file coords_7.cif (mmCIF, C-alpha atoms)
data_input
loop_
_atom_site.label_atom_id
_atom_site.label_comp_id
_atom_site.auth_asym_id
_atom_site.auth_seq_id
_atom_site.Cartn_x
_atom_site.Cartn_y
_atom_site.Cartn_z
CA MET G 1 -14.97 -9.37 19.72
CA CYS G 2 -13.76 -8.20 16.28
CA SER G 3 -17.33 -7.66 15.12
CA MET G 4 -17.74 -4.76 17.56
CA ARG G 5 -15.08 -2.61 15.85
CA TRP G 6 -17.45 -1.22 13.23
CA ASP G 7 -20.98 -0.01 12.79
CA GLN G 8 -23.36 1.07 10.00
CA LEU G 9 -22.77 -2.17 8.10
CA ARG G 10 -25.29 -3.75 5.78
CA VAL G 11 -25.13 -7.42 4.79
CA GLU G 12 -25.80 -8.18 1.13
CA ASN G 13 -27.96 -10.99 -0.18
CA GLU G 14 -24.73 -12.90 -0.79
CA ALA G 15 -23.97 -13.29 2.90
CA THR G 16 -20.96 -15.62 2.66
CA ARG G 17 -18.37 -16.76 0.14
CA ARG G 18 -15.41 -19.09 0.30
CA LEU G 19 -12.15 -17.56 -0.95
CA PRO G 20 -9.16 -19.59 -2.19
CA GLY G 21 -6.54 -20.10 0.52
CA TYR G 22 -8.91 -19.57 3.45
CA ARG G 23 -10.47 -22.39 5.41
CA ASP G 24 -13.58 -20.57 6.61
CA GLU G 25 -16.17 -18.75 4.55
CA ALA G 26 -15.93 -14.97 4.36
CA VAL G 27 -18.81 -12.81 5.51
CA VAL G 28 -19.66 -10.41 2.68
CA ARG G 29 -20.71 -6.90 3.70
CA THR G 30 -21.26 -3.49 2.15
CA PHE G 31 -21.09 0.00 3.61
CA ASP G 32 -23.92 2.42 3.08
CA ALA G 33 -21.54 5.23 2.15
CA PRO G 34 -20.82 7.12 -1.11
CA GLU G 35 -17.14 6.17 -1.00
CA ALA G 36 -18.02 2.47 -0.97
CA MET G 37 -20.78 2.25 -3.55
CA ASP G 38 -20.73 -1.09 -5.40
CA VAL G 39 -17.89 -2.34 -3.16
CA ARG G 40 -18.04 -5.63 -1.28
CA PHE G 41 -15.95 -6.34 1.80
CA TYR G 42 -15.01 -9.94 2.59
CA GLU G 43 -14.39 -10.38 6.31
CA ILE G 44 -12.06 -13.30 6.84
CA HIS G 45 -10.19 -14.74 9.81
CA ALA G 46 -6.58 -15.09 8.72
CA ARG G 47 -4.31 -17.81 10.08
CA SER G 48 -1.50 -15.35 10.73
CA ALA G 49 -0.69 -11.65 10.64
CA LEU G 50 3.00 -11.77 9.72
CA ASN G 51 4.03 -12.52 6.13
CA HIS G 52 7.61 -13.65 5.51
CA VAL G 53 9.66 -12.01 2.75
CA PRO G 54 11.87 -14.56 0.91
CA LYS G 55 15.49 -14.75 2.02
CA GLN G 56 16.71 -14.08 -1.53
CA SER G 57 15.03 -10.68 -1.42
CA ARG G 58 17.27 -7.64 -1.11
CA MET G 59 14.68 -5.93 1.07
CA PRO G 60 15.91 -4.49 4.39
CA PHE G 61 13.14 -6.31 6.28
CA ARG G 62 11.93 -9.90 6.38
CA TRP G 63 8.36 -9.44 7.61
CA THR G 64 5.26 -7.56 6.48
CA ILE G 65 1.60 -7.19 7.49
CA ASN G 66 -1.27 -6.60 5.05
CA PRO G 67 -4.58 -6.06 6.90
CA TYR G 68 -6.42 -5.58 3.60
CA ARG G 69 -6.21 -7.16 0.15
CA GLY G 70 -7.46 -5.15 -2.79
CA CYS G 71 -7.49 -1.37 -2.57
CA LEU G 72 -10.10 1.34 -2.91
CA HIS G 73 -7.48 3.86 -4.07
CA SER G 74 -7.85 2.42 -7.61
CA CYS G 75 -4.43 3.64 -8.79
CA VAL G 76 -4.02 2.67 -12.46
CA PHE G 77 -0.35 1.78 -11.96
CA CYS G 78 -0.67 -0.30 -8.78
CA PHE G 79 1.82 -3.19 -8.83
CA ALA G 80 -0.28 -5.14 -6.30
CA ARG G 81 -3.21 -5.67 -8.67
CA PRO G 82 -2.15 -9.19 -9.82
CA SER G 83 -2.30 -10.37 -6.19
CA HIS G 84 -6.08 -10.53 -6.50
CA ARG G 85 -5.87 -13.47 -8.89
CA TYR G 86 -4.98 -15.73 -5.96
CA LEU G 87 -8.35 -14.92 -4.41
CA GLY G 88 -10.32 -15.78 -7.52
CA PHE G 89 -10.70 -12.11 -8.52
CA ASN G 90 -9.30 -10.13 -11.43
CA ALA G 91 -6.66 -7.40 -11.34
CA GLY G 92 -8.95 -4.74 -12.77
CA ARG G 93 -12.27 -3.74 -11.33
CA ASP G 94 -12.28 -6.60 -8.77
CA PHE G 95 -9.07 -5.28 -7.19
CA GLU G 96 -10.87 -1.99 -6.55
CA ARG G 97 -14.32 -3.36 -5.61
CA GLU G 98 -13.78 -6.73 -3.88
CA ILE G 99 -11.83 -5.94 -0.72
CA VAL G 100 -10.67 -8.59 1.73
CA VAL G 101 -10.54 -7.54 5.39
CA LYS G 102 -8.52 -9.64 7.85
CA VAL G 103 -10.62 -8.79 10.86
CA ASN G 104 -8.48 -10.69 13.39
CA VAL G 105 -5.07 -9.27 12.44
CA PRO G 106 -4.49 -7.25 15.67
CA GLU G 107 -5.16 -10.28 17.88
CA LEU G 108 -3.03 -12.55 15.69
CA LEU G 109 -0.13 -10.11 15.67
CA ARG G 110 -0.12 -9.84 19.45
CA ALA G 111 -0.04 -13.64 19.74
CA GLU G 112 2.76 -13.96 17.18
CA LEU G 113 4.94 -11.27 18.73
CA ALA G 114 4.62 -13.12 22.04
CA ARG G 115 5.99 -16.39 20.66
CA PRO G 116 9.40 -17.37 22.04
CA LYS G 117 10.82 -17.91 18.54
CA TRP G 118 9.97 -14.36 17.44
CA LYS G 119 13.21 -12.32 17.44
CA GLY G 120 11.80 -8.80 17.31
CA GLU G 121 12.62 -8.21 13.64
CA HIS G 122 11.48 -5.13 11.74
CA VAL G 123 7.94 -5.39 10.32
CA ALA G 124 6.79 -3.23 7.37
CA LEU G 125 3.21 -2.19 6.62
CA GLY G 126 1.93 -0.87 3.30
CA THR G 127 4.22 -2.97 1.14
CA ASN G 128 1.30 -4.44 -0.82
CA THR G 129 -1.99 -2.55 -0.42
CA ASP G 130 -2.53 0.57 1.68
CA PRO G 131 -3.39 -0.17 5.34
CA TYR G 132 -4.94 3.31 5.55
CA GLN G 133 -7.24 3.08 2.55
CA TRP G 134 -10.75 4.46 3.12
CA VAL G 135 -12.21 1.38 4.80
CA GLU G 136 -9.67 1.52 7.66
CA GLY G 137 -11.72 4.44 8.93
CA ARG G 138 -14.54 1.94 9.58
CA TYR G 139 -12.76 -1.28 10.57
CA LYS G 140 -10.05 0.41 12.66
CA LEU G 141 -7.57 -2.46 12.51
CA MET G 142 -4.43 -0.32 12.65
CA PRO G 143 -4.71 0.97 16.25
CA GLY G 144 -4.55 -2.59 17.57
CA ILE G 145 -1.54 -3.27 15.35
CA TRP G 146 0.34 -0.22 16.66
CA GLU G 147 -0.58 -1.15 20.23
CA ALA G 148 0.96 -4.59 19.72
CA PHE G 149 4.17 -3.08 18.35
CA ARG G 150 4.26 -0.67 21.29
CA ASP G 151 3.68 -3.31 23.94
CA PHE G 152 6.32 -5.64 22.48
CA ALA G 153 8.75 -2.81 21.61
CA ASN G 154 8.96 -4.11 18.05
CA PRO G 155 10.58 -2.07 15.23
CA CYS G 156 8.16 -1.20 12.43
CA SER G 157 7.38 1.13 9.51
CA VAL G 158 4.45 2.12 7.33
CA LEU G 159 3.98 3.37 3.77
CA THR G 160 0.66 5.01 2.86
CA LYS G 161 -1.09 7.52 0.63
CA SER G 162 -3.49 8.62 3.35
CA PRO G 163 -3.31 11.28 6.08
CA LEU G 164 -5.69 9.01 8.01
CA LEU G 165 -2.43 7.86 9.57
CA LEU G 166 -2.63 11.04 11.68
CA ARG G 167 -5.53 9.49 13.57
CA ASP G 168 -2.96 7.15 15.14
CA LYS G 169 -0.28 9.79 15.73
CA GLU G 170 -0.33 9.32 19.49
CA LEU G 171 0.08 5.56 19.14
CA LEU G 172 3.00 6.08 16.75
CA ARG G 173 4.58 8.38 19.31
CA GLN G 174 4.15 5.71 21.98
CA VAL G 175 5.76 3.11 19.70
CA ALA G 176 8.65 5.50 19.04
CA GLU G 177 9.34 5.74 22.77
CA ARG G 178 10.04 2.01 22.88
CA ALA G 179 11.25 0.97 19.41
CA PRO G 180 12.30 2.42 16.04
CA VAL G 181 9.29 3.42 13.93
CA THR G 182 9.18 5.29 10.62
CA ALA G 183 6.38 6.57 8.42
CA ASN G 184 6.45 7.29 4.70
CA PHE G 185 3.94 8.86 2.33
CA SER G 186 3.70 8.11 -1.37
CA VAL G 187 3.40 11.39 -3.31
CA PRO G 188 3.81 10.75 -7.05
CA THR G 189 2.63 14.18 -8.21
CA LEU G 190 1.15 17.53 -7.21
CA ASP G 191 -0.41 18.05 -10.62
CA GLU G 192 -4.19 18.04 -10.15
CA LYS G 193 -5.01 16.42 -13.48
CA ALA G 194 -2.39 13.68 -13.19
CA TRP G 195 -3.41 12.97 -9.60
CA ARG G 196 -7.15 12.69 -10.31
CA GLU G 197 -6.63 10.51 -13.37
CA THR G 198 -4.00 8.10 -12.03
CA GLU G 199 -4.96 7.92 -8.30
CA PRO G 200 -8.71 8.62 -8.52
CA HIS G 201 -9.74 7.70 -4.97
CA THR G 202 -6.72 8.82 -2.95
CA PRO G 203 -6.51 11.79 -0.57
CA HIS G 204 -5.06 14.98 -2.04
CA PRO G 205 -1.25 14.82 -2.34
CA ARG G 206 -0.85 18.14 -0.53
CA ALA G 207 -2.75 16.67 2.42
CA ARG G 208 -0.15 13.90 2.50
CA LEU G 209 2.67 16.45 2.63
CA GLU G 210 0.87 18.30 5.42
CA ALA G 211 0.73 15.00 7.29
CA VAL G 212 4.50 14.68 6.89
CA ALA G 213 4.89 18.01 8.68
CA GLU G 214 2.51 17.07 11.49
CA LEU G 215 4.19 13.73 12.14
CA SER G 216 7.61 15.35 12.01
CA ARG G 217 6.52 17.87 14.65
CA ALA G 218 5.38 14.93 16.78
CA GLY G 219 8.84 13.41 16.58
CA ILE G 220 7.97 10.60 14.15
CA PRO G 221 10.65 10.17 11.43
CA THR G 222 8.68 10.60 8.20
CA GLY G 223 9.68 10.61 4.55
CA ILE G 224 8.17 10.53 1.09
CA LEU G 225 8.35 8.27 -1.93
CA ILE G 226 7.86 9.94 -5.32
CA ALA G 227 6.62 6.85 -7.09
CA PRO G 228 5.98 5.71 -9.59
CA LEU G 229 7.72 8.24 -11.81
CA MET G 230 6.06 8.05 -15.22
CA PRO G 231 7.71 9.62 -18.30
CA GLY G 232 5.64 12.43 -19.73
CA ILE G 233 3.12 12.31 -16.86
CA ASN G 234 4.81 13.27 -13.61
CA ASP G 235 8.53 13.46 -14.40
CA ALA G 236 8.87 17.15 -15.26
CA PRO G 237 11.86 18.35 -13.18
CA GLU G 238 10.01 21.44 -11.93
CA GLN G 239 7.14 19.27 -10.67
CA VAL G 240 9.43 16.87 -8.83
CA GLU G 241 11.49 19.73 -7.42
CA LYS G 242 8.33 21.28 -5.95
CA ILE G 243 7.49 18.03 -4.13
CA ILE G 244 11.04 17.87 -2.78
CA GLU G 245 10.91 21.50 -1.68
CA ILE G 246 7.65 21.10 0.24
CA ALA G 247 8.67 17.75 1.74
CA THR G 248 12.01 19.14 2.90
CA GLU G 249 10.31 22.13 4.52
CA ALA G 250 7.92 19.69 6.20
CA GLY G 251 10.84 17.90 7.81
CA ALA G 252 10.98 14.77 5.65
CA VAL G 253 13.89 12.57 6.71
CA SER G 254 14.04 10.69 3.42
CA ILE G 255 13.03 11.24 -0.20
CA GLY G 256 13.22 8.58 -2.89
CA GLY G 257 11.86 7.83 -6.33
CA ILE G 258 11.20 4.73 -8.43
CA ALA G 259 10.37 4.40 -12.12
CA LEU G 260 7.06 2.85 -13.17
CA HIS G 261 7.14 -0.89 -13.76
CA LEU G 262 4.39 -2.76 -15.57
CA ARG G 263 4.26 -6.40 -14.62
CA GLY G 264 1.54 -8.85 -15.57
CA GLU G 265 -1.99 -7.50 -15.89
CA VAL G 266 -0.87 -4.05 -14.75
CA ARG G 267 0.62 -3.47 -18.19
CA ASP G 268 -2.72 -3.89 -19.96
CA ILE G 269 -4.58 -1.82 -17.37
CA PHE G 270 -2.09 1.03 -17.60
CA MET G 271 -1.92 0.94 -21.40
CA ASP G 272 -5.72 1.03 -21.60
CA TRP G 273 -5.63 4.08 -19.37
CA LEU G 274 -3.05 5.74 -21.64
CA ARG G 275 -5.18 5.12 -24.72
CA ALA G 276 -8.16 6.75 -23.01
CA HIS G 277 -6.39 9.67 -21.30
CA ARG G 278 -2.98 10.18 -22.94
CA PRO G 279 -3.04 8.65 -26.43
CA ASP G 280 -0.10 10.88 -27.34
CA LEU G 281 2.09 8.83 -24.99
CA VAL G 282 1.10 5.36 -26.22
CA PRO G 283 3.94 5.00 -28.79
CA ARG G 284 6.48 6.21 -26.23
CA TYR G 285 5.42 3.66 -23.62
CA GLU G 286 5.20 0.85 -26.13
CA GLU G 287 8.84 1.54 -26.94
CA LEU G 288 9.95 2.03 -23.32
CA TYR G 289 8.38 -1.25 -22.17
CA ARG G 290 8.63 -3.35 -25.32
CA ARG G 291 11.24 -5.64 -23.77
CA GLY G 292 9.51 -6.28 -20.47
CA PRO G 293 8.00 -4.73 -17.34
CA TYR G 294 10.86 -2.28 -16.69
CA ALA G 295 11.99 0.85 -18.48
CA PRO G 296 15.57 0.87 -19.84
CA LYS G 297 18.24 1.30 -17.18
CA ALA G 298 19.13 4.78 -18.43
CA VAL G 299 15.52 5.90 -17.98
CA GLN G 300 15.33 4.33 -14.51
CA GLU G 301 18.50 6.11 -13.45
CA ARG G 302 17.30 9.46 -14.81
CA LEU G 303 14.01 9.19 -12.94
CA SER G 304 15.69 8.09 -9.74
CA LYS G 305 18.05 11.07 -9.86
CA LEU G 306 15.08 13.43 -10.10
CA ALA G 307 14.26 12.54 -6.50
CA SER G 308 17.87 13.06 -5.42
CA ALA G 309 18.13 16.78 -6.07
CA PRO G 310 20.75 18.77 -4.12
CA GLY G 311 19.49 19.65 -0.67
CA ALA G 312 16.97 16.80 -0.51
CA PRO G 313 17.19 14.31 2.37
CA ALA G 314 19.00 11.11 1.48
CA ARG G 315 16.81 8.39 0.04
CA SER G 316 15.88 5.64 2.46
CA ARG G 317 16.07 2.05 1.23
CA ARG G 318 13.74 1.03 4.05
CA PHE G 319 10.80 2.27 2.01
CA LEU G 320 11.91 1.54 -1.53
CA ARG G 321 10.56 -1.75 -2.84
CA ASP G 322 12.83 -3.55 -5.27
CA PRO G 323 10.53 -4.52 -8.16
CA GLU G 324 12.77 -7.42 -9.06
CA VAL G 325 11.93 -9.26 -5.85
CA PRO G 326 8.44 -10.66 -5.21
CA GLU G 327 6.71 -10.34 -1.87
CA PRO G 328 4.55 -13.26 -0.76
CA GLU G 329 1.17 -13.04 0.89
CA GLY G 330 0.22 -15.44 3.64
CA SER G 331 3.70 -16.82 4.35
CA ALA G 332 3.83 -16.52 8.09
CA LEU G 333 5.22 -18.05 11.25
CA GLY G 334 4.83 -21.75 10.67
CA GLU G 335 2.58 -21.29 7.60
CA PRO G 336 3.27 -22.61 4.09
CA GLU G 337 4.28 -19.97 1.57
CA GLN G 338 1.75 -19.02 -1.12
CA PRO G 339 2.71 -17.92 -4.65
CA ALA G 340 4.45 -14.58 -5.04
CA LEU G 341 2.16 -11.69 -5.78
CA PHE G 342 4.17 -9.54 -8.16
#

call {"tool": "encode", "arguments": {"input": "coords_7.cif", "output": "structure tokens"}}
result
Amino acid sequence: MCSMRWDQLRVENEATRRLPGYRDEAVVRTFDAPEAMDVRFYEIHARSALNHVPKQSRMPFRWTINPYRGCLHSCVFCFARPSHRYLGFNAGRDFEREIVVKVNVPELLRAELARPKWKGEHVALGTNTDPYQWVEGRYKLMPGIWEAFRDFANPCSVLTKSPLLLRDKELLRQVAERAPVTANFSVPTLDEKAWRETEPHTPHPRARLEAVAELSRAGIPTGILIAPLMPGINDAPEQVEKIIEIATEAGAVSIGGIALHLRGEVRDIFMDWLRAHRPDLVPRYEELYRRGPYAPKAVQERLSKLASAPGAPARSRRFLRDPEVPEPEGSALGEPEQPALF
């Protein structure tokens, strides 16, 4: 049973709650742990594991899996924040403190991969919220997901900010023996101040680069994504070059970068952060993003080239999300498509 995957759980007074888009009520739990203070976890039984990416998307894959919605990382720039509105939550504090856990995803995935109409297409993880955020250490949904990919020899990839992925290194190796699998770590900066202020609850970026080296030694193709690149915050050439240098030495097979985009509520959240932490940059960002959620093309190209320094591994489009194309949540095999998230 799914309920046996975790321990040390405490049920709040609010024991259940019905979330939009889900037929059954969610069980609301909290963890008695410092990392999860004032955080509620909504255990739901999803109808499907696989989400379908629209055909008009230029993404190199058509399917994704998101075991969790909302994210404890609390990154101020996270593009996935507006997705919480479809659950009746807000994109600010709720996104960081009201986390939805799809407790039956491993079982659903195994059933869906076994369907005759499934064609063994590539499936990407980490395209919305991080599947290895802190709570994965308690719910342990990812091992069952990797086991399903291994048993059905299904191509897959993952993007994360957490070296917790190393816990499943042996499973990744087993998948790699039967099907293509790739891992990627997001490493926006090595600057301590910028990291702590913009990604307050993420593992140290150097630990992520160390994980790249360990996975590479295990024979798992692993790359990095320097994203988002934010003018005046983490775009100093010497800072980016250092990330590229360490990642290359670690055996990274791909390095890419994407400029910050500020869509929907993310714009207000990020601008509020700037006013509090970098008021000197407020006029610059108001000018850069005055016409919409994207920086001018010239700025985007400059930032992208920073991650394409001579000697760096070629960038891999498999991991680079195109911000112009929305990714749906809940559109699955035989399921109606819900509104796009970003």

call {"tool": "closest_atom_pairs", "arguments": {"input": "coords_7.cif", "of": "range 201-235 of chain G", "to": "range 252-268 of chain G", "cutoff": "8 Å", "atoms": "all atoms listed in the file", "output": "Markdown table"}}
result
| residue | atom | partner | partner_atom | distance |
| --- | --- | --- | --- | --- |
| G:Val212 | CA | G:Ala252 | CA | 6.6 |
| G:Ala213 | CA | G:Ala252 | CA | 7.5 |
| G:Ser216 | CA | G:Ala252 | CA | 7.2 |
| G:Pro221 | CA | G:Val253 | CA | 6.2 |
| G:Thr222 | CA | G:Ala252 | CA | 5.4 |
| G:Gly223 | CA | G:Ala252 | CA | 4.5 |
| G:Ile224 | CA | G:Ile255 | CA | 5.1 |
| G:Leu225 | CA | G:Gly256 | CA | 5.0 |
| G:Ile226 | CA | G:Gly257 | CA | 4.6 |
| G:Ala227 | CA | G:Ile258 | CA | 5.2 |
| G:Pro228 | CA | G:Leu260 | CA | 4.7 |
| G:Leu229 | CA | G:Ala259 | CA | 4.7 |
| G:Met230 | CA | G:Leu260 | CA | 5.7 |

call {"tool": "residues_near_point", "arguments": {"input": "coords_7.cif", "point": "(-7.0, 5.5, 2.2)", "cutoff": "10 Å", "atoms": "all atoms listed in the file", "output": "list in words"}}
result
Cys71, Leu72, His73, Thr129, Asp130, Pro131, Tyr132, Gln133, Trp134, Val135, Glu136, Gly137, Thr160, Lys161, Ser162, Pro163, Leu164, Leu165, His201, Thr202 and Pro203 of chain G

call {"tool": "residues_around", "arguments": {"input": "coords_7.cif", "residues": "range 60-69 of chain G", "least_positions_apart": "2", "cutoff": "8 Å", "atoms": "all atoms listed in the file", "output": "number ranges by chain"}}
result
G: 49-55, 58, 71, 84, 99-103, 105, 121-131, 141, 317-318

call {"tool": "residues_around", "arguments": {"input": "coords_7.cif", "residues": "Cys75 in chain G", "least_positions_apart": "2", "cutoff": "7 Å", "atoms": "only C-alpha atoms", "output": "PDB file with C-alpha atoms, in the coordinates of the input"}}
result
ATOM      1  CA  HIS G  73      -7.480   3.860  -4.070  1.00  0.00           C
ATOM      2  CA  PHE G  77      -0.350   1.780 -11.960  1.00  0.00           C
ATOM      3  CA  CYS G  78      -0.670  -0.300  -8.780  1.00  0.00           C
ATOM      4  CA  THR G 198      -4.000   8.100 -12.030  1.00  0.00           C
ATOM      5  CA  GLU G 199      -4.960   7.920  -8.300  1.00  0.00           C
ATOM      6  CA  PRO G 200      -8.710   8.620  -8.520  1.00  0.00           C
TER       7      PRO G 200
END

call {"tool": "residues_near_point", "arguments": {"input": "coords_7.cif", "point": "(2.0, -11.3, 24.2)", "cutoff": "12 Å", "atoms": "all atoms listed in the file", "output": "list of chain:residue names"}}
result
G:Pro106, G:Glu107, G:Leu108, G:Leu109, G:Arg110, G:Ala111, G:Glu112, G:Leu113, G:Ala114, G:Arg115, G:Pro116, G:Trp118, G:Glu147, G:Ala148, G:Phe149, G:Arg150, G:Asp151, G:Phe152, G:Ala153, G:Asn154

call {"tool": "write_last_selection", "arguments": {"input": "coords_7.cif", "atoms": "C-alpha atoms", "output": "CSV table (one decimal), in the frame of the given file"}}
result
chain,number,residue,atom,x,y,z
G,106,PRO,CA,-4.5,-7.2,15.7
G,107,GLU,CA,-5.2,-10.3,17.9
G,108,LEU,CA,-3.0,-12.6,15.7
G,109,LEU,CA,-0.1,-10.1,15.7
G,110,ARG,CA,-0.1,-9.8,19.4
G,111,ALA,CA,0.0,-13.6,19.7
G,112,GLU,CA,2.8,-14.0,17.2
G,113,LEU,CA,4.9,-11.3,18.7
G,114,ALA,CA,4.6,-13.1,22.0
G,115,ARG,CA,6.0,-16.4,20.7
G,116,PRO,CA,9.4,-17.4,22.0
G,118,TRP,CA,10.0,-14.4,17.4
G,147,GLU,CA,-0.6,-1.2,20.2
G,148,ALA,CA,1.0,-4.6,19.7
G,149,PHE,CA,4.2,-3.1,18.4
G,150,ARG,CA,4.3,-0.7,21.3
G,151,ASP,CA,3.7,-3.3,23.9
G,152,PHE,CA,6.3,-5.6,22.5
G,153,ALA,CA,8.8,-2.8,21.6
G,154,ASN,CA,9.0,-4.1,18.0

call {"tool": "atom_distance", "arguments": {"input": "coords_7.cif", "atom1": "CA of Arg81 in chain G", "atom2": "CA of Glu210 in chain G"}}
result
28.1 Å

call {"tool": "closest_residue", "arguments": {"input": "coords_7.cif", "among": "G:Glu192, G:Glu214, G:Asp32, G:Asp272", "to": "Glu249 in chain G", "atoms": "all atoms listed in the file"}}
result
G:Glu214

call {"tool": "axis_aligned_box", "arguments": {"input": "coords_7.cif", "around": "range 204-222 of chain G", "padding_each_side": "6 Å", "output": "JSON"}}
result
{"center_x": 2.8, "center_y": 14.2, "center_z": 7.2, "size_x": 27.7, "size_y": 20.1, "size_z": 31.1}

call {"tool": "atom_distance", "arguments": {"input": "coords_7.cif", "atom1": "CA of Pro180 in chain G", "atom2": "CA of Cys156 in chain G"}}
result
6.6 Å
